[in-house]
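First comes the structure, then the notes that go with it.
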Amino acid sequence: MRRSIGTHGEINNCDRGACGEILPMEREKIIFFRDLFLRLFVVGLVVALLLLGATLAFWNVAAGWMMHLFSVDEKALGRIVLIFFTNVRIVVLFFFLVPAIALHWMAKKR
């Protein structure tokens with residue numbers, strides 16, 4: 001058993017992963033969450049592209065319904081759609097892709 005002294009003078013047992021090593025189980029967890037976030041990114045990207053295609057395909061019909069149901073003009077409706085796709089981009093990129101890249105970097109580093 002190897003021992004090291006921590007930052008506050010405590011003794012750490014290095015055989016339990018306390019010396020900066022990643023234990024095999026922790027590495028498996030990192031890889032699992034990396035794969036999960038990458039798959040979530042791909043699914044989010046596919047859903048965003050499907051929503052974009054549906055929006056472009058049915059714009060004339062949907063714009064007419066929205067203007068009739070919610071009393072919104074086409075200019076305001078365009079802003080609402082733009083804000084929606086901006087929010088989708090933020091969620092997909094920063095909530096799924098960035099953690100996946102960080103976890104990938106951690107898994108490859110050790």
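So you can find residues: chains in the structure tokens are A, B, ... in the order shown, residues in each start at 1, and ligands are numbered from 1 in order.
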
Would you mind listing, for every residue of region 55-104 of chain A within 8 Å of region 29-41 of chain A, the two atoms forming the shortest contact and the distance between them in Å to one decimal, using only C-alpha atoms, sorted by chain and ascending residue number, as CSV?
```
residue,atom,partner,partner_atom,distance
A:Val92,CA,A:Phe41,CA,5.9
A:Leu93,CA,A:Phe41,CA,7.3
A:Phe96,CA,A:Phe37,CA,5.2
A:Leu97,CA,A:Phe41,CA,5.7
A:Pro99,CA,A:Phe37,CA,6.9
A:Ala100,CA,A:Arg34,CA,4.7
A:Ile101,CA,A:Arg34,CA,7.4
A:Leu103,CA,A:Arg34,CA,5.3
A:His104,CA,A:Arg34,CA,5.9
```

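Once Ala63 (chain A) and its same-chain neighbours fewer than 2 positions away are set aside, Thr55, Leu56, Ala57, Phe58, Trp59, Asn60, Val61, Trp65, Met66, Met67, His68, Leu69, Phe70, Ser71, Val72, Asp73, Glu74, Lys75, Ala76, Leu77, Gly78, Ile80 and Val81 of chain A remain within 12 Å of it when counting only C-alpha atoms.
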
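Excluding region 47-51 of chain A and any residue on its chain fewer than 3 positions from it, the residues at most 9 Å away by only C-alpha atoms are Val42, Val43, Gly44, Ala54, Thr55, Leu56, Phe85, Val88, Arg89 and Val92 of chain A.
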